[in-house]
file entry.cif (mmCIF, C-alpha atoms)
data_run
#
loop_
_atom_site.label_atom_id
_atom_site.label_comp_id
_atom_site.auth_asym_id
_atom_site.auth_seq_id
_atom_site.Cartn_x
_atom_site.Cartn_y
_atom_site.Cartn_z
CA GLY A 30 19.54 -17.41 46.33
CA TRP A 31 20.87 -15.51 49.36
CA ASP A 32 22.22 -18.73 50.89
CA GLN A 33 24.40 -19.35 47.82
CA GLN A 34 25.64 -15.77 47.92
CA ILE A 35 26.52 -16.09 51.60
CA ALA A 36 28.26 -19.46 51.16
CA TYR A 37 30.31 -18.11 48.25
CA THR A 38 32.05 -15.80 50.72
CA TRP A 39 34.16 -18.77 51.83
CA ALA A 40 34.90 -19.92 48.26
CA SER A 41 36.13 -16.58 46.90
CA ASN A 42 38.95 -14.19 47.68
CA ARG A 43 36.88 -11.25 46.44
CA TRP A 44 33.24 -11.88 47.35
CA ILE A 45 32.22 -10.74 50.86
CA MET A 46 28.68 -11.42 52.12
CA PRO A 47 28.98 -13.43 55.34
CA ALA A 48 25.35 -13.02 56.48
CA PRO A 49 22.00 -11.45 55.46
CA TYR A 50 23.12 -8.43 57.49
CA TYR A 51 26.46 -7.50 59.02
CA SER A 52 28.80 -4.59 59.71
CA ALA A 53 32.40 -3.80 58.84
CA HIS A 54 34.77 -1.38 60.57
CA VAL A 55 37.26 0.28 58.22
CA GLU A 56 40.31 2.22 59.39
CA TYR A 57 42.25 4.75 57.31
CA PRO A 58 45.27 5.31 59.59
CA ASP A 59 47.14 7.54 57.14
CA GLN A 60 44.06 9.78 56.86
CA LEU A 61 43.22 9.63 60.60
CA PHE A 62 39.59 8.58 60.17
CA SER A 63 37.42 5.46 60.28
CA ALA A 64 34.02 4.26 59.07
CA ASP A 65 31.45 1.76 60.30
CA ILE A 66 29.51 0.30 57.37
CA PHE A 67 26.23 -1.50 58.01
CA MET A 68 25.01 -3.91 55.30
CA VAL A 69 21.27 -4.40 55.75
CA ASP A 70 18.55 -6.66 54.27
CA THR A 71 15.30 -4.80 53.49
CA ASN A 72 13.62 -7.58 51.51
CA PHE A 73 10.63 -7.46 53.84
CA LEU A 74 9.34 -4.76 51.47
CA ASP A 75 8.95 -7.37 48.70
CA ALA A 76 7.83 -10.21 50.99
CA LYS A 77 4.05 -10.52 50.78
CA TYR A 78 1.41 -13.18 51.31
CA PRO A 79 1.75 -16.03 48.77
CA SER A 80 -1.25 -15.07 46.63
CA GLN A 81 -0.42 -11.35 46.41
CA ASP A 82 1.36 -9.34 43.69
CA SER A 83 2.93 -12.30 41.89
CA GLU A 84 5.47 -10.24 39.93
CA HIS A 85 6.79 -8.33 42.96
CA ASN A 86 6.71 -10.94 45.71
CA ILE A 87 9.67 -13.09 46.73
CA CYS A 88 7.24 -15.16 48.82
CA GLY A 89 4.72 -15.66 46.01
CA GLU A 90 3.22 -18.91 44.82
CA ALA A 91 3.69 -18.01 41.15
CA HIS A 92 7.49 -18.25 40.99
CA ASN A 93 8.35 -20.54 43.91
CA PRO A 94 8.00 -24.30 43.34
CA PRO A 95 5.44 -26.27 45.36
CA GLY A 96 6.94 -27.33 48.67
CA ALA A 97 9.70 -24.72 48.50
CA ASP A 98 11.77 -24.94 51.70
CA CYS A 99 14.84 -22.81 52.48
CA SER A 100 15.12 -23.79 56.14
CA ALA A 101 18.31 -25.79 55.52
CA ALA A 102 20.01 -22.43 54.87
CA ASP A 103 18.26 -20.73 57.83
CA GLY A 104 15.64 -19.27 55.50
CA PRO A 105 11.84 -19.61 55.50
CA SER A 106 10.46 -23.14 55.62
CA SER A 107 7.64 -22.47 53.14
CA VAL A 108 5.95 -19.72 51.15
CA ALA A 109 3.31 -19.63 53.89
CA THR A 110 5.94 -18.68 56.51
CA CYS A 111 8.05 -16.55 54.15
CA LYS A 112 6.48 -13.16 54.85
CA ARG A 113 6.77 -13.63 58.62
CA TYR A 114 10.40 -14.69 58.19
CA PHE A 115 11.37 -11.43 56.47
CA ASP A 116 9.21 -9.32 58.81
CA ASP A 117 10.98 -10.90 61.79
CA LEU A 118 14.37 -10.42 60.14
CA TRP A 119 13.68 -6.70 59.70
CA ALA A 120 12.52 -6.37 63.31
CA GLU A 121 15.74 -8.06 64.42
CA GLN A 122 17.82 -5.72 62.27
CA ARG A 123 16.07 -2.58 63.59
CA LEU A 124 17.16 -3.44 67.12
CA TRP A 125 20.67 -4.29 65.94
CA LEU A 126 21.04 -1.13 63.88
CA SER A 127 19.76 1.15 66.61
CA ARG A 128 22.29 -0.28 69.05
CA LYS A 129 25.25 -0.45 66.66
CA VAL A 130 24.82 3.06 65.24
CA GLN A 131 24.49 4.57 68.70
CA GLU A 132 27.54 2.68 70.01
CA SER A 133 29.72 3.51 67.00
CA THR A 134 32.80 5.64 67.68
CA ALA A 135 33.85 5.75 64.02
CA THR A 136 34.23 9.07 62.21
CA TRP A 137 31.50 8.08 59.74
CA GLN A 138 28.50 5.72 59.97
CA ILE A 139 27.21 4.45 56.61
CA MET A 140 24.32 2.08 55.87
CA VAL A 141 23.91 0.12 52.62
CA THR A 142 20.69 -1.62 51.58
CA HIS A 143 18.58 -2.46 48.53
CA PHE A 144 15.28 -0.58 48.76
CA PRO A 145 15.26 3.17 48.02
CA CYS A 146 15.62 6.19 50.28
CA GLY A 147 12.82 6.54 52.82
CA GLU A 148 11.39 3.03 52.38
CA ASP A 149 11.74 1.58 55.87
CA GLY A 150 8.16 0.46 56.51
CA GLN A 151 7.57 3.52 58.70
CA HIS A 152 7.46 6.33 56.09
CA GLY A 153 11.06 7.22 56.92
CA GLY A 154 10.46 7.18 60.68
CA PHE A 155 13.07 4.54 61.45
CA TYR A 156 15.66 6.26 59.29
CA ARG A 157 14.94 9.51 61.12
CA GLN A 158 15.73 7.68 64.36
CA LEU A 159 18.99 6.35 62.94
CA ARG A 160 19.96 9.84 61.79
CA HIS A 161 19.35 11.11 65.31
CA LYS A 162 21.57 8.30 66.66
CA GLY A 163 24.43 9.28 64.34
CA LEU A 164 23.93 7.67 60.92
CA ASP A 165 25.62 9.90 58.33
CA PHE A 166 24.85 8.39 54.94
CA LEU A 167 22.46 5.86 53.37
CA VAL A 168 23.25 3.99 50.11
CA THR A 169 20.33 2.30 48.34
CA GLY A 170 19.24 0.94 44.97
CA HIS A 171 16.19 -0.88 43.51
CA ARG A 172 15.04 1.94 41.23
CA HIS A 173 17.04 2.08 38.00
CA ASP A 174 17.99 5.73 38.10
CA GLN A 175 20.16 8.21 40.00
CA GLU A 176 18.77 10.04 43.01
CA LEU A 177 20.71 12.19 45.43
CA TRP A 178 18.58 13.09 48.45
CA LYS A 179 20.37 15.97 50.13
CA GLY A 180 20.09 16.10 53.90
CA SER A 181 19.39 19.82 53.66
CA SER A 182 16.50 19.47 51.21
CA PRO A 183 13.04 20.45 52.55
CA SER A 184 11.58 17.39 50.78
CA ASN A 185 13.91 15.00 52.63
CA PHE A 186 11.66 13.37 55.26
CA MET A 187 14.45 11.29 56.86
CA GLY A 188 15.55 13.84 59.43
CA GLY A 189 18.36 15.31 57.34
CA LEU A 190 19.89 11.96 56.37
CA THR A 191 21.76 12.15 53.05
CA CYS A 192 20.77 9.24 50.81
CA ILE A 193 21.42 8.01 47.28
CA VAL A 194 19.69 5.62 44.88
CA THR A 195 22.56 4.17 42.86
CA GLY A 196 20.69 2.45 40.03
CA GLY A 197 22.02 4.47 37.10
CA GLY A 198 21.66 1.42 34.89
CA GLY A 199 21.12 1.77 31.18
CA GLY A 200 19.18 0.49 28.23
CA ILE A 201 15.82 -1.19 28.75
CA SER A 202 16.47 -1.68 32.47
CA SER A 203 16.39 2.06 33.19
CA GLU A 204 13.38 3.88 34.57
CA ALA A 205 13.51 6.48 31.79
CA THR A 206 15.50 7.98 28.94
CA PRO A 207 18.64 9.99 29.80
CA ASP A 208 17.41 12.75 27.50
CA PRO A 209 17.42 15.94 29.68
CA SER A 210 14.57 17.37 27.62
CA ASN A 211 12.33 14.39 28.46
CA THR A 212 12.36 14.03 32.25
CA GLY A 213 8.71 13.22 32.86
CA ASP A 214 9.48 9.72 34.17
CA TRP A 215 12.58 10.66 36.17
CA PHE A 216 12.64 10.12 39.93
CA GLY A 217 15.96 11.91 40.41
CA GLU A 218 18.49 14.00 38.56
CA ALA A 219 19.98 11.63 35.97
CA GLN A 220 20.03 8.26 34.17
CA TYR A 221 22.84 6.00 32.90
CA GLY A 222 25.48 7.49 35.23
CA PHE A 223 27.08 6.68 38.58
CA PHE A 224 28.02 8.15 41.96
CA ASP A 225 31.46 9.21 43.11
CA ILE A 226 32.04 9.40 46.86
CA THR A 227 35.05 11.09 48.48
CA ILE A 228 35.56 10.60 52.22
CA THR A 229 38.08 12.37 54.43
CA LYS A 230 38.18 13.02 58.16
CA GLN A 231 36.44 16.37 57.64
CA ARG A 232 33.90 15.69 54.90
CA LEU A 233 31.86 13.16 52.93
CA LEU A 234 31.41 14.44 49.38
CA VAL A 235 28.77 12.78 47.18
CA GLU A 236 28.65 13.52 43.45
CA SER A 237 26.04 12.22 41.01
CA ILE A 238 27.92 11.86 37.70
CA ASN A 239 25.85 11.96 34.53
CA TRP A 240 26.43 9.70 31.51
CA ASP A 241 28.42 12.47 29.83
CA GLY A 242 30.82 12.92 32.75
CA THR A 243 29.27 16.11 34.11
CA VAL A 244 28.26 16.46 37.75
CA ALA A 245 24.45 16.42 37.83
CA LYS A 246 24.16 17.04 41.57
CA SER A 247 26.41 17.03 44.64
CA THR A 248 26.38 17.48 48.40
CA GLU A 249 28.65 17.22 51.41
#
call {"tool": "encode", "arguments": {"input": "entry.cif", "output": "structure tokens"}}
result
Amino acid sequence: GWDQQIAYTWASNRWIMPAPYYSAHVEYPDQLFSADIFMVDTNFLDAKYPSQDSEHNICGEAHNPPGADCSAADGPSSVATCKRYFDDLWAEQRLWLSRKVQESTATWQIMVTHFPCGEDGQHGGFYRQLRHKGLDFLVTGHRHDQELWKGSSPSNFMGGLTCIVTGGGGGISSEATPDPSNTGDWFGEAQYGFFDITITKQRLLVESINWDGTVAKSTE
């Protein structure tokens, strides 16, 4: 459905998704700072060979109709070519990101994508490279919980890159109960909440807000 989402950009005054990946430069002239935001497609992580992992495979035979062809919207021409399509798209984006992040003169460089912190196909190696080139902050999702990966944490294997998983969610879609006395299935610090981000010229403050309004974790 990504082609419909992209096309809707030109039918809506609110929806903005002009391509599978793109960047936006934002100026805050009254605050004297700017940000380059990179919107990135990491669906290669769920693009597998047609017969594999039917419930977690956007290229699978199980849930794509026979003869499926998305080439009219610049997508894969078949389920057989689907995995290669998304692998090639990620390779293309890696080159683009490396160049754009390094060339950026904005105060802050922020990347937004779907799959969680550290999942770049290289055990965090590519994200470590982007951090070295100047990337400040990574926003992700996929898992239905809240995770704040502090850049200063010894367990952060992305070269000091601060990252969040924003899937606070709720109800049956959550990874676990929000009960703080029952955290066995938690990946991060909270469930059912959200993140609040404050950006100025001097700092980028990230706060993980719990369902009850308390700050579960923060960093800057």
call {"tool": "closest_residue", "arguments": {"input": "entry.cif", "among": "A:Phe166, A:Tyr221, A:Phe115, A:Phe144", "to": "Phe67 of chain A", "atoms": "all atoms listed in the file"}}
result
A:Phe166
call {"tool": "residues_around", "arguments": {"input": "entry.cif", "residues": "Asp65 of chain A", "least_positions_apart": "4", "cutoff": "6 Å", "atoms": "all atoms listed in the file", "output": "ChimeraX atom specification"}}
result
/A:53-54,135,138
call {"tool": "write_last_selection", "arguments": {"input": "entry.cif", "atoms": "C-alpha atoms", "output": "PDB file, keeping the file's coordinate frame"}}
result
ATOM      1  CA  ALA A  53      32.400  -3.800  58.840  1.00  0.00           C
ATOM      2  CA  HIS A  54      34.770  -1.380  60.570  1.00  0.00           C
ATOM      3  CA  ALA A 135      33.850   5.750  64.020  1.00  0.00           C
ATOM      4  CA  GLN A 138      28.500   5.720  59.970  1.00  0.00           C
TER       5      GLN A 138
END
call {"tool": "atom_distance", "arguments": {"input": "entry.cif", "atom1": "atom CA of Lys129 of chain A", "atom2": "atom CA of Leu190 of chain A"}}
result
17.0 Å
call {"tool": "residues_around", "arguments": {"input": "entry.cif", "residues": "segment 84-98 of chain A", "least_positions_apart": "5", "cutoff": "9 Å", "atoms": "only C-alpha atoms", "output": "short mmCIF file (atom, residue, chain, number, x, y, z; two decimals) with C-alpha atoms, in the coordinates of the input"}}
result
data_model
loop_
_atom_site.label_atom_id
_atom_site.label_comp_id
_atom_site.auth_asym_id
_atom_site.auth_seq_id
_atom_site.Cartn_x
_atom_site.Cartn_y
_atom_site.Cartn_z
CA ASN A 72 13.62 -7.58 51.51
CA LEU A 74 9.34 -4.76 51.47
CA ASP A 75 8.95 -7.37 48.70
CA ALA A 76 7.83 -10.21 50.99
CA LYS A 77 4.05 -10.52 50.78
CA TYR A 78 1.41 -13.18 51.31
CA PRO A 79 1.75 -16.03 48.77
CA GLY A 104 15.64 -19.27 55.50
CA PRO A 105 11.84 -19.61 55.50
CA SER A 106 10.46 -23.14 55.62
CA SER A 107 7.64 -22.47 53.14
CA VAL A 108 5.95 -19.72 51.15
CA ALA A 109 3.31 -19.63 53.89
CA THR A 110 5.94 -18.68 56.51
CA CYS A 111 8.05 -16.55 54.15
CA LYS A 112 6.48 -13.16 54.85
#
call {"tool": "residues_around", "arguments": {"input": "entry.cif", "residues": "Lys179 of chain A", "least_positions_apart": "4", "cutoff": "9 Å", "atoms": "all atoms listed in the file", "output": "ChimeraX atom specification"}}
result
/A:183-185,189-193,247-249
call {"tool": "write_last_selection", "arguments": {"input": "entry.cif", "atoms": "C-alpha atoms", "output": "CSV table (one decimal), in the frame of the given file"}}
result
chain,number,residue,atom,x,y,z
A,183,PRO,CA,13.0,20.4,52.6
A,184,SER,CA,11.6,17.4,50.8
A,185,ASN,CA,13.9,15.0,52.6
A,189,GLY,CA,18.4,15.3,57.3
A,190,LEU,CA,19.9,12.0,56.4
A,191,THR,CA,21.8,12.2,53.0
A,192,CYS,CA,20.8,9.2,50.8
A,193,ILE,CA,21.4,8.0,47.3
A,247,SER,CA,26.4,17.0,44.6
A,248,THR,CA,26.4,17.5,48.4
A,249,GLU,CA,28.6,17.2,51.4
call {"tool": "residues_around", "arguments": {"input": "entry.cif", "residues": "Leu61 of chain A", "least_positions_apart": "6", "cutoff": "12 Å", "atoms": "only C-alpha atoms", "output": "NGL selection string"}}
result
:A and (55 or 135-137 or 228-231)
call {"tool": "atom_distance", "arguments": {"input": "entry.cif", "atom1": "atom CA of Ser100 of chain A", "atom2": "atom CA of Leu124 of chain A"}}
result
23.2 Å
call {"tool": "resolve_selection", "arguments": {"input": "entry.cif", "expression": "the PyMOL selection byres ((chain A and resi 32) around 10)", "output": "list in words"}}
result
Gly30, Trp31, Gln33, Gln34, Ile35, Ala36, Tyr37, Met46, Pro47, Ala48, Pro49, Cys99, Ala101, Ala102, Asp103 and Gly104 of chain A
call {"tool": "axis_aligned_box", "arguments": {"input": "entry.cif", "around": "segment 212-230 of chain A", "padding_each_side": "8 Å", "output": "lines of an AutoDock Vina configuration file"}}
result
center_x = 23.4
center_y = 10.0
center_z = 45.2
size_x = 45.5
size_y = 24.0
size_z = 41.9
call {"tool": "resolve_selection", "arguments": {"input": "entry.cif", "expression": "the PyMOL selection byres ((chain A and resi 198-212) around 9)", "output": "number ranges by chain"}}
result
A: 172-175, 195-197, 213-216, 218-223, 239-240
call {"tool": "closest_residue", "arguments": {"input": "entry.cif", "among": "A:Asp149, A:Asp82, A:Asp59, A:Asp165", "to": "Arg123 of chain A", "atoms": "only C-alpha atoms"}}
result
A:Asp149
call {"tool": "closest_residue", "arguments": {"input": "entry.cif", "among": "A:Val244, A:Tyr57, A:Arg232, A:Phe73", "to": "Tyr114 of chain A", "atoms": "all atoms listed in the file"}}
result
A:Phe73
call {"tool": "residues_near_point", "arguments": {"input": "entry.cif", "point": "(16.7, 14.1, 63.9)", "cutoff": "7 Å", "atoms": "all atoms listed in the file", "output": "ChimeraX atom specification"}}
result
/A:157-158,160-161,188-189
call {"tool": "write_last_selection", "arguments": {"input": "entry.cif", "atoms": "C-alpha atoms", "output": "PDB file, keeping the file's coordinate frame"}}
result
ATOM      1  CA  ARG A 157      14.940   9.510  61.120  1.00  0.00           C
ATOM      2  CA  GLN A 158      15.730   7.680  64.360  1.00  0.00           C
ATOM      3  CA  ARG A 160      19.960   9.840  61.790  1.00  0.00           C
ATOM      4  CA  HIS A 161      19.350  11.110  65.310  1.00  0.00           C
ATOM      5  CA  GLY A 188      15.550  13.840  59.430  1.00  0.00           C
ATOM      6  CA  GLY A 189      18.360  15.310  57.340  1.00  0.00           C
TER       7      GLY A 189
END
call {"tool": "atom_distance", "arguments": {"input": "entry.cif", "atom1": "atom CA of Leu159 of chain A", "atom2": "atom CA of Trp178 of chain A"}}
result
16.0 Å
call {"tool": "resolve_selection", "arguments": {"input": "entry.cif", "expression": "the PyMOL selection byres ((chain A and resi 145) around 8)", "output": "PDB file with C-alpha atoms, keeping the file's coordinate frame"}}
result
ATOM      1  CA  HIS A 143      18.580  -2.460  48.530  1.00  0.00           C
ATOM      2  CA  PHE A 144      15.280  -0.580  48.760  1.00  0.00           C
ATOM      3  CA  CYS A 146      15.620   6.190  50.280  1.00  0.00           C
ATOM      4  CA  GLY A 147      12.820   6.540  52.820  1.00  0.00           C
ATOM      5  CA  GLU A 148      11.390   3.030  52.380  1.00  0.00           C
ATOM      6  CA  THR A 169      20.330   2.300  48.340  1.00  0.00           C
ATOM      7  CA  GLY A 170      19.240   0.940  44.970  1.00  0.00           C
ATOM      8  CA  HIS A 171      16.190  -0.880  43.510  1.00  0.00           C
ATOM      9  CA  ARG A 172      15.040   1.940  41.230  1.00  0.00           C
ATOM     10  CA  ILE A 193      21.420   8.010  47.280  1.00  0.00           C
ATOM     11  CA  VAL A 194      19.690   5.620  44.880  1.00  0.00           C
TER      12      VAL A 194
END
call {"tool": "decode", "arguments": {"input": "entry.cif", "residues": "segment 172-192 of chain A", "atoms": "N, CA and C atoms", "output": "tab-separated table (two decimals), in the first residue's frame"}}
result
chain	number	residue	atom	x	y	z
A	172	ARG	N	8.09	-2.37	17.51
A	172	ARG	CA	7.70	-3.00	18.77
A	172	ARG	C	6.70	-2.10	19.49
A	173	HIS	N	5.68	-2.74	20.10
A	173	HIS	CA	4.61	-1.99	20.74
A	173	HIS	C	4.93	-1.75	22.22
A	174	ASP	N	5.95	-0.94	22.42
A	174	ASP	CA	6.33	-0.55	23.77
A	174	ASP	C	7.13	0.74	23.71
A	175	GLN	N	7.64	1.20	24.82
A	175	GLN	CA	8.47	2.40	24.88
A	175	GLN	C	9.89	2.02	25.26
A	176	GLU	N	10.84	2.45	24.44
A	176	GLU	CA	12.24	2.18	24.71
A	176	GLU	C	13.05	3.44	24.44
A	177	LEU	N	13.75	3.91	25.43
A	177	LEU	CA	14.69	5.01	25.25
A	177	LEU	C	16.11	4.44	25.38
A	178	TRP	N	16.83	4.43	24.28
A	178	TRP	CA	18.21	3.97	24.26
A	178	TRP	C	19.11	5.19	24.41
A	179	LYS	N	19.63	5.40	25.59
A	179	LYS	CA	20.50	6.54	25.81
A	179	LYS	C	21.83	6.35	25.09
A	180	GLY	N	22.33	7.44	24.51
A	180	GLY	CA	23.62	7.36	23.84
A	180	GLY	C	24.75	7.03	24.78
A	181	SER	N	24.59	7.38	26.05
A	181	SER	CA	25.64	7.15	27.04
A	181	SER	C	25.59	5.77	27.68
A	182	SER	N	24.58	4.97	27.35
A	182	SER	CA	24.42	3.67	27.98
A	182	SER	C	25.47	2.68	27.47
A	183	PRO	N	26.11	1.91	28.36
A	183	PRO	CA	27.09	0.90	27.93
A	183	PRO	C	26.48	-0.16	27.01
A	184	SER	N	25.17	-0.39	27.11
A	184	SER	CA	24.52	-1.41	26.28
A	184	SER	C	24.12	-0.89	24.91
A	185	ASN	N	24.30	0.40	24.67
A	185	ASN	CA	23.97	0.99	23.37
A	185	ASN	C	25.12	0.66	22.40
A	186	PHE	N	24.83	-0.19	21.39
A	186	PHE	CA	25.87	-0.64	20.47
A	186	PHE	C	25.85	0.13	19.16
A	187	MET	N	25.25	1.36	19.18
A	187	MET	CA	25.16	2.17	17.97
A	187	MET	C	26.10	3.38	18.02
A	188	GLY	N	27.19	3.25	18.73
A	188	GLY	CA	28.19	4.30	18.73
A	188	GLY	C	27.79	5.55	19.47
A	189	GLY	N	26.89	5.41	20.46
A	189	GLY	CA	26.45	6.58	21.21
A	189	GLY	C	25.26	7.30	20.62
A	190	LEU	N	24.60	6.68	19.65
A	190	LEU	CA	23.42	7.29	19.01
A	190	LEU	C	22.19	7.12	19.90
A	191	THR	N	21.58	8.22	20.31
A	191	THR	CA	20.33	8.15	21.08
A	191	THR	C	19.20	7.69	20.16
A	192	CYS	N	18.38	6.76	20.66
A	192	CYS	CA	17.33	6.18	19.83
A	192	CYS	C	16.10	5.89	20.69
